[in-house]
$ cat protein.cif   # mmCIF, C-alpha atoms
data_protein
loop_
_atom_site.label_atom_id
_atom_site.label_comp_id
_atom_site.auth_asym_id
_atom_site.auth_seq_id
_atom_site.Cartn_x
_atom_site.Cartn_y
_atom_site.Cartn_z
CA LEU A 677 -140.63 70.93 -29.64
CA ARG A 678 -139.98 74.54 -28.62
CA ALA A 679 -141.33 73.82 -25.12
CA ASP A 680 -138.98 70.83 -24.85
CA GLU A 681 -136.05 72.97 -25.96
CA ARG A 682 -136.90 75.52 -23.23
CA ALA A 683 -137.11 72.63 -20.73
CA ILE A 684 -133.63 71.48 -21.78
CA GLU A 685 -132.27 75.00 -21.30
CA ASN A 686 -133.94 75.28 -17.87
CA GLN A 687 -132.49 71.92 -16.82
CA MET A 688 -129.01 73.03 -17.91
CA HIS A 689 -129.43 76.30 -15.96
CA ALA A 690 -130.40 74.26 -12.89
CA LEU A 691 -127.17 72.27 -13.29
CA GLY A 692 -125.04 75.42 -13.23
CA TYR A 693 -124.75 76.15 -16.94
CA ARG A 694 -126.11 79.69 -16.82
CA ASP A 695 -125.33 80.46 -20.47
CA ALA A 696 -126.74 77.21 -21.89
CA GLU A 697 -129.00 77.58 -24.91
CA VAL A 698 -130.38 75.48 -27.73
CA LEU A 699 -128.73 76.60 -30.95
CA GLY A 700 -130.83 74.60 -33.34
CA ASP A 701 -132.29 71.24 -34.22
CA SER A 702 -132.39 68.93 -37.20
CA LEU A 703 -134.20 65.83 -38.37
CA TYR A 704 -132.65 63.21 -40.62
CA TYR A 705 -133.16 59.60 -41.70
CA SER A 706 -130.88 56.61 -41.91
CA GLU A 707 -129.69 55.55 -45.35
CA ASP A 708 -132.25 52.74 -45.50
CA LEU A 709 -134.99 55.21 -44.45
CA LYS A 710 -136.08 52.90 -41.63
CA LYS A 711 -134.84 55.07 -38.76
CA MET A 712 -135.38 58.70 -38.03
CA PHE A 713 -132.93 60.76 -35.97
CA PHE A 714 -133.50 64.02 -34.20
CA GLN A 715 -130.53 66.15 -33.19
CA ILE A 716 -130.51 69.15 -30.86
CA ASP A 717 -127.47 71.41 -30.96
CA LEU A 718 -126.78 72.80 -27.50
CA TYR A 719 -124.29 75.36 -26.26
CA GLU A 720 -123.42 74.59 -22.62
CA GLY A 721 -120.94 77.29 -21.77
CA GLU A 722 -119.07 77.29 -18.48
CA LYS A 723 -120.40 75.76 -15.28
CA TYR A 724 -120.98 78.74 -12.97
CA HIS A 725 -120.49 79.08 -9.24
CA TYR A 726 -121.70 81.79 -6.91
CA GLY A 727 -119.26 84.49 -5.88
CA ASP A 728 -120.39 87.15 -3.41
CA VAL A 729 -123.96 86.83 -2.15
CA LYS A 730 -125.46 89.90 -0.51
CA VAL A 731 -128.76 91.58 0.35
CA THR A 732 -129.75 95.25 -0.05
CA GLY A 733 -132.83 97.27 0.87
CA ASN A 734 -133.89 95.15 3.82
CA GLU A 735 -134.88 96.69 7.12
CA VAL A 736 -137.52 94.34 8.54
CA VAL A 737 -135.59 91.06 8.22
CA GLU A 738 -131.88 90.83 9.06
CA SER A 739 -129.45 90.14 6.21
CA GLU A 740 -128.00 87.14 8.06
CA ASP A 741 -131.46 85.58 8.37
CA ILE A 742 -132.18 86.15 4.68
CA LEU A 743 -128.84 84.65 3.62
CA ALA A 744 -129.38 81.65 5.91
CA ALA A 745 -132.87 81.09 4.48
CA LEU A 746 -131.53 81.48 0.95
CA GLY A 747 -129.11 78.62 1.55
CA ILE A 748 -126.61 79.80 -1.07
CA ALA A 749 -122.98 80.41 -0.21
CA ARG A 750 -119.87 81.50 -2.07
CA GLY A 751 -118.57 78.61 -4.18
CA ASP A 752 -121.91 76.80 -4.54
CA VAL A 753 -122.86 75.68 -8.05
CA TYR A 754 -125.21 78.13 -9.73
CA ASN A 755 -128.77 76.79 -9.82
CA SER A 756 -131.50 79.10 -11.12
CA GLU A 757 -134.28 76.74 -10.07
CA LYS A 758 -133.02 76.42 -6.50
CA LEU A 759 -132.50 80.19 -6.34
CA MET A 760 -136.10 81.00 -7.31
CA GLU A 761 -137.46 78.35 -4.93
CA ALA A 762 -135.32 79.67 -2.07
CA ILE A 763 -136.52 83.22 -2.73
CA GLU A 764 -140.18 82.18 -2.70
CA LEU A 765 -140.04 79.88 0.32
CA GLY A 766 -137.13 81.11 2.39
CA VAL A 767 -137.11 84.87 1.80
CA ARG A 768 -140.61 85.92 0.74
CA GLY A 769 -142.19 83.72 3.45
CA PRO A 770 -140.72 85.59 6.44
CA TYR A 771 -141.72 88.90 4.87
CA MET A 772 -145.29 87.67 4.39
CA ASP A 773 -145.41 86.49 8.01
CA LYS A 774 -144.51 90.01 9.11
CA GLY A 775 -147.28 91.57 7.01
CA TYR A 776 -145.21 92.52 3.96
CA LEU A 777 -147.45 90.82 1.42
CA TYR A 778 -146.32 92.96 -1.52
CA SER A 779 -142.58 92.97 -0.89
CA GLN A 780 -140.48 92.71 -4.02
CA ILE A 781 -137.38 90.51 -4.04
CA ILE A 782 -135.32 90.94 -7.19
CA PRO A 783 -132.27 88.72 -7.76
CA ILE A 784 -129.54 90.58 -9.62
CA GLU A 785 -126.88 88.35 -11.12
CA LYS A 786 -123.60 89.88 -12.22
CA PRO A 787 -121.00 87.72 -13.97
CA VAL A 788 -117.57 88.60 -12.57
CA ALA A 789 -115.45 85.86 -14.16
CA ALA A 790 -115.75 83.14 -16.79
CA ASP A 791 -117.36 80.82 -14.24
CA THR A 792 -118.48 83.06 -11.36
CA VAL A 793 -121.59 85.14 -10.80
CA ASN A 794 -122.20 87.52 -7.90
CA LEU A 795 -125.73 87.57 -6.54
CA THR A 796 -127.46 90.54 -4.93
CA LEU A 797 -131.00 90.30 -3.61
CA GLU A 798 -132.52 93.73 -3.97
CA ILE A 799 -135.48 93.99 -1.60
CA ASN A 800 -138.24 96.58 -1.75
CA GLU A 801 -140.28 95.92 1.39
CA MET A 802 -143.27 98.19 0.54
CA ASN A 803 -145.87 98.74 3.31
CA PRO A 804 -147.24 96.14 5.72
CA VAL A 805 -150.76 94.88 5.06
CA HIS A 806 -153.53 94.45 7.63
CA VAL A 807 -156.52 92.12 7.24
CA ARG A 808 -159.67 94.14 6.57
CA HIS A 809 -162.41 91.52 6.16
CA ILE A 810 -162.69 87.76 6.33
CA LYS A 811 -165.52 86.30 4.28
CA ILE A 812 -166.58 82.74 4.89
CA ILE A 813 -168.56 81.26 2.02
CA GLY A 814 -169.73 77.81 1.00
CA ASN A 815 -170.39 76.51 4.50
CA ASP A 816 -173.72 74.68 4.60
CA LYS A 817 -173.30 72.49 7.68
CA THR A 818 -171.06 74.46 10.06
CA LYS A 819 -172.15 77.72 11.62
CA GLU A 820 -170.01 80.71 10.78
CA ASN A 821 -169.14 81.47 14.42
CA VAL A 822 -167.72 77.93 14.82
CA ILE A 823 -165.44 78.49 11.84
CA ARG A 824 -164.41 81.98 13.03
CA ARG A 825 -163.35 80.76 16.47
CA GLU A 826 -160.86 78.37 14.81
CA LEU A 827 -159.18 81.11 12.78
CA ARG A 828 -155.63 82.16 13.63
CA ILE A 829 -155.93 85.50 11.82
CA PHE A 830 -158.56 88.19 12.41
CA PRO A 831 -159.69 91.51 10.92
CA GLY A 832 -157.28 94.23 12.00
CA ASP A 833 -154.36 91.82 12.39
CA LEU A 834 -151.16 92.22 10.45
CA PHE A 835 -151.25 89.74 7.57
CA SER A 836 -149.40 86.48 8.26
CA ARG A 837 -149.09 83.74 5.68
CA THR A 838 -148.36 81.15 8.36
CA ALA A 839 -151.48 82.11 10.36
CA LEU A 840 -153.60 82.03 7.20
CA MET A 841 -152.31 78.59 6.21
CA ARG A 842 -152.80 77.27 9.74
CA SER A 843 -156.37 78.60 9.77
CA GLN A 844 -157.04 76.91 6.48
CA ARG A 845 -155.63 73.58 7.70
CA GLU A 846 -157.59 73.63 10.96
#

$ encode --input "protein.cif" --output "structure tokens"
Amino acid sequence: LRADERAIENQMHALGYRDAEVLGDSLYYSEDLKKMFFQIDLYEGEKYHYGDVKVTGNEVVESEDILAALGIARGDVYNSEKLMEAIELGVRGPYMDKGYLYSQIIPIEKPVAADTVNLTLEINEMNPVHVRHIKIIGNDKTKENVIRRELRIFPGDLFSRTALMRSQRE
């Protein structure tokens, strides 16, 4: 039940109701005791929209590129699920392709009106990562040198998520 209540709250947050929360629940029966009813009390709050959207702390990737990848503009309906997905795929991805495996991207939401929230992505790029070793295990039929020649990433290279994924696919 508690997991379902959290799922309801998350769904409401994804629909723009940033302050939505389950207030309580109750169980009761019909007068003839043949039907059971379950009631969830929910506070929706206001439907939020994004106000200003900006990026701080970035040096490796341009702010315009980050904002374009984020896909969120002023006036869009607030969606926490879409925000986290856009950060993981659209913002963290380019950093990982440039070797910044441990970059931190922290969304800071600041309510500025009854239905508006400003968003700042605070980025801590950290240091780029290079590949030290590549271990190939579990190959019984294919020789290791055949596998290595198909790799798109090598020891000494700057880490790249795209190159790693392409190597894995091929």

$ atom_distance --input "protein.cif" --atom1 "CA of Glu798 in chain A" --atom2 "CA of Leu840 in chain A"
26.6 Å

$ closest_atom_pairs --input "protein.cif" --of "range 692-748 of chain A" --to "range 776-790 of chain A" --cutoff "12 Å" --atoms "only C-alpha atoms" --output "CSV"
residue,atom,partner,partner_atom,distance
A:Tyr693,CA,A:Ala790,CA,11.4
A:Arg694,CA,A:Pro787,CA,9.9
A:Asp695,CA,A:Ala790,CA,10.6
A:Gly721,CA,A:Ala790,CA,9.3
A:Glu722,CA,A:Ala790,CA,6.9
A:Lys723,CA,A:Ala790,CA,8.9
A:Tyr724,CA,A:Ala790,CA,7.8
A:His725,CA,A:Ala789,CA,9.8
A:Tyr726,CA,A:Pro787,CA,9.2
A:Gly727,CA,A:Val788,CA,8.0
A:Asp728,CA,A:Val788,CA,9.7
A:Val729,CA,A:Glu785,CA,9.6
A:Lys730,CA,A:Ile784,CA,10.0
A:Val731,CA,A:Pro783,CA,9.3
A:Thr732,CA,A:Ile781,CA,9.8
A:Gly733,CA,A:Ile781,CA,9.5
A:Asn734,CA,A:Ile781,CA,9.8
A:Glu735,CA,A:Tyr776,CA,11.6
A:Val736,CA,A:Tyr776,CA,9.1
A:Val737,CA,A:Tyr776,CA,10.6
A:Ile742,CA,A:Ile781,CA,11.0
A:Leu746,CA,A:Pro783,CA,11.4

$ resolve_selection --input "protein.cif" --expression "the PyMOL selection byres ((chain A and resi 834) around 6)" --output "PyMOL selection string"
chain A and resi 775+806+833+835

$ residues_near_point --input "protein.cif" --point "(-126.5, 75.3, -25.3)" --cutoff "9 Å" --atoms "all atoms listed in the file" --output "PyMOL selection string"
chain A and resi 684-685+688+693+695-699+717-721

$ closest_residue --input "protein.cif" --among "A:Val805, A:Val793, A:Ala679, A:Ile813" --to "Met772 in chain A" --atoms "all atoms listed in the file"
A:Val805

$ resolve_selection --input "protein.cif" --expression "the PyMOL selection byres ((chain A and resi 714) around 7)" --output "PyMOL selection string"
chain A and resi 702-704+712-713+715-716

$ atom_distance --input "protein.cif" --atom1 "CA of Lys774 in chain A" --atom2 "CA of Met802 in chain A"
11.9 Å

$ residues_around --input "protein.cif" --residues "range 843-846 of chain A" --least-positions-apart "3" --cutoff "7 Å" --atoms "only C-alpha atoms" --output "ChimeraX atom specification"
/A:826-828,839-840

$ resolve_selection --input "protein.cif" --expression "the PyMOL selection byres ((chain A and resi 811) around 10)" --output "mmCIF file with C-alpha atoms, in the frame of the given file"
data_model
loop_
_atom_site.group_PDB
_atom_site.id
_atom_site.type_symbol
_atom_site.label_atom_id
_atom_site.label_comp_id
_atom_site.auth_asym_id
_atom_site.auth_seq_id
_atom_site.Cartn_x
_atom_site.Cartn_y
_atom_site.Cartn_z
ATOM 1 C CA HIS A 809 -162.410 91.520 6.160
ATOM 2 C CA ILE A 810 -162.690 87.760 6.330
ATOM 3 C CA ILE A 812 -166.580 82.740 4.890
ATOM 4 C CA ILE A 813 -168.560 81.260 2.020
ATOM 5 C CA GLU A 820 -170.010 80.710 10.780
ATOM 6 C CA ARG A 824 -164.410 81.980 13.030
#

$ atom_distance --input "protein.cif" --atom1 "CA of Leu797 in chain A" --atom2 "CA of Ile763 in chain A"
9.0 Å

$ axis_aligned_box --input "protein.cif" --around "range 832-839 of chain A" --padding-each-side "6 Å" --output "lines of an AutoDock Vina configuration file"
center_x = -152.8
center_y = 87.7
center_z = 9.0
size_x = 20.9
size_y = 25.1
size_z = 18.7

$ residues_around --input "protein.cif" --residues "Arg808 in chain A" --least-positions-apart "4" --cutoff "9 Å" --atoms "only C-alpha atoms" --output "PyMOL selection string"
chain A and resi 830-833

$ closest_residue --input "protein.cif" --among "A:His689, A:Arg678, A:Lys710, A:Arg837" --to "Leu759 in chain A" --atoms "all atoms listed in the file"
A:His689

$ closest_residue --input "protein.cif" --among "A:Arg825, A:Lys758, A:Lys711, A:Arg750" --to "Ala690 in chain A" --atoms "only C-alpha atoms"
A:Lys758

$ residues_around --input "protein.cif" --residues "Gln687 in chain A" --least-positions-apart "4" --cutoff "10 Å" --atoms "all atoms listed in the file" --output "list in words"
Glu681, Arg682, Ala683, Leu691, Gly692, Tyr693, Ala696, Asn755, Ser756 and Glu757 of chain A

$ decode --input "protein.cif" --residues "range 677-718 of chain A" --atoms "N, CA and C atoms" --output "tab-separated table (two decimals), in the first residue's frame"
chain	number	residue	atom	x	y	z
A	677	LEU	N	0.83	-1.19	0.00
A	677	LEU	CA	0.00	0.00	0.00
A	677	LEU	C	0.87	1.26	0.00
A	678	ARG	N	1.89	1.27	0.86
A	678	ARG	CA	2.75	2.46	0.93
A	678	ARG	C	3.49	2.67	-0.39
A	679	ALA	N	3.90	1.57	-1.03
A	679	ALA	CA	4.59	1.68	-2.32
A	679	ALA	C	3.64	2.25	-3.37
A	680	ASP	N	2.37	1.83	-3.33
A	680	ASP	CA	1.38	2.36	-4.27
A	680	ASP	C	1.12	3.84	-4.01
A	681	GLU	N	1.10	4.23	-2.76
A	681	GLU	CA	0.91	5.65	-2.44
A	681	GLU	C	2.07	6.48	-2.97
A	682	ARG	N	3.31	5.97	-2.85
A	682	ARG	CA	4.48	6.67	-3.40
A	682	ARG	C	4.38	6.74	-4.92
A	683	ALA	N	3.86	5.67	-5.54
A	683	ALA	CA	3.69	5.65	-7.00
A	683	ALA	C	2.67	6.70	-7.44
A	684	ILE	N	1.61	6.87	-6.66
A	684	ILE	CA	0.60	7.89	-6.96
A	684	ILE	C	1.24	9.28	-6.87
A	685	GLU	N	2.00	9.51	-5.81
A	685	GLU	CA	2.68	10.81	-5.67
A	685	GLU	C	3.64	11.05	-6.83
A	686	ASN	N	4.41	10.05	-7.21
A	686	ASN	CA	5.36	10.20	-8.33
A	686	ASN	C	4.63	10.51	-9.63
A	687	GLN	N	3.49	9.85	-9.85
A	687	GLN	CA	2.71	10.10	-11.06
A	687	GLN	C	2.17	11.54	-11.06
A	688	MET	N	1.72	12.01	-9.92
A	688	MET	CA	1.23	13.38	-9.82
A	688	MET	C	2.37	14.37	-10.06
A	689	HIS	N	3.56	14.08	-9.53
A	689	HIS	CA	4.73	14.95	-9.77
A	689	HIS	C	5.05	14.98	-11.25
A	690	ALA	N	4.94	13.85	-11.94
A	690	ALA	CA	5.21	13.79	-13.37
A	690	ALA	C	4.18	14.59	-14.18
A	691	LEU	N	3.01	14.79	-13.61
A	691	LEU	CA	1.96	15.56	-14.30
A	691	LEU	C	2.02	17.04	-13.98
A	692	GLY	N	3.01	17.45	-13.18
A	692	GLY	CA	3.18	18.87	-12.90
A	692	GLY	C	2.78	19.28	-11.50
A	693	TYR	N	2.23	18.38	-10.72
A	693	TYR	CA	1.79	18.70	-9.37
A	693	TYR	C	2.92	18.42	-8.40
A	694	ARG	N	3.83	19.36	-8.31
A	694	ARG	CA	5.08	19.22	-7.55
A	694	ARG	C	4.85	19.01	-6.06
A	695	ASP	N	3.79	19.57	-5.52
A	695	ASP	CA	3.50	19.49	-4.09
A	695	ASP	C	2.56	18.35	-3.72
A	696	ALA	N	2.17	17.53	-4.69
A	696	ALA	CA	1.20	16.47	-4.44
A	696	ALA	C	1.72	15.49	-3.40
A	697	GLU	N	0.81	15.09	-2.51
A	697	GLU	CA	1.17	14.08	-1.50
A	697	GLU	C	-0.08	13.37	-1.01
A	698	VAL	N	0.09	12.12	-0.65
A	698	VAL	CA	-0.99	11.34	-0.07
A	698	VAL	C	-1.12	11.75	1.39
A	699	LEU	N	-2.31	12.17	1.77
A	699	LEU	CA	-2.55	12.62	3.14
A	699	LEU	C	-2.97	11.49	4.06
A	700	GLY	N	-3.61	10.50	3.50
A	700	GLY	CA	-4.06	9.39	4.32
A	700	GLY	C	-4.89	8.43	3.49
A	701	ASP	N	-5.33	7.36	4.14
A	701	ASP	CA	-6.16	6.38	3.46
A	701	ASP	C	-7.15	5.80	4.46
A	702	SER	N	-8.23	5.23	3.94
A	702	SER	CA	-9.20	4.61	4.82
A	702	SER	C	-9.89	3.47	4.09
A	703	LEU	N	-10.39	2.54	4.88
A	703	LEU	CA	-11.07	1.36	4.37
A	703	LEU	C	-12.44	1.30	5.04
A	704	TYR	N	-13.48	1.12	4.25
A	704	TYR	CA	-14.81	1.01	4.84
A	704	TYR	C	-15.68	0.08	3.99
A	705	TYR	N	-16.78	-0.38	4.59
A	705	TYR	CA	-17.68	-1.34	3.94
A	705	TYR	C	-19.03	-0.69	3.67
A	706	SER	N	-19.72	-1.27	2.69
A	706	SER	CA	-21.08	-0.82	2.42
A	706	SER	C	-21.98	-1.25	3.58
A	707	GLU	N	-23.17	-0.70	3.62
A	707	GLU	CA	-24.08	-1.00	4.72
A	707	GLU	C	-24.44	-2.47	4.79
A	708	ASP	N	-24.54	-3.11	3.63
A	708	ASP	CA	-24.89	-4.54	3.61
A	708	ASP	C	-23.66	-5.45	3.77
A	709	LEU	N	-22.50	-4.83	3.95
A	709	LEU	CA	-21.22	-5.53	4.18
A	709	LEU	C	-20.81	-6.44	3.02
A	710	LYS	N	-21.34	-6.15	1.83
A	710	LYS	CA	-20.99	-6.97	0.67
A	710	LYS	C	-19.91	-6.30	-0.20
A	711	LYS	N	-19.69	-5.03	0.01
A	711	LYS	CA	-18.68	-4.30	-0.76
A	711	LYS	C	-17.71	-3.61	0.17
A	712	MET	N	-16.49	-3.58	-0.27
A	712	MET	CA	-15.45	-2.91	0.51
A	712	MET	C	-14.93	-1.75	-0.34
A	713	PHE	N	-14.70	-0.61	0.31
A	713	PHE	CA	-14.22	0.57	-0.38
A	713	PHE	C	-12.90	1.02	0.23
A	714	PHE	N	-12.05	1.48	-0.62
A	714	PHE	CA	-10.75	1.97	-0.17
A	714	PHE	C	-10.62	3.40	-0.68
A	715	GLN	N	-10.32	4.31	0.20
A	715	GLN	CA	-10.23	5.72	-0.17
A	715	GLN	C	-8.84	6.26	0.14
A	716	ILE	N	-8.26	6.96	-0.82
A	716	ILE	CA	-6.97	7.62	-0.63
A	716	ILE	C	-7.21	9.12	-0.69
A	717	ASP	N	-6.80	9.82	0.35
A	717	ASP	CA	-6.92	11.28	0.39
A	717	ASP	C	-5.63	11.87	-0.16
A	718	LEU	N	-5.79	12.70	-1.18
A	718	LEU	CA	-4.63	13.23	-1.91
A	718	LEU	C	-4.69	14.75	-1.96
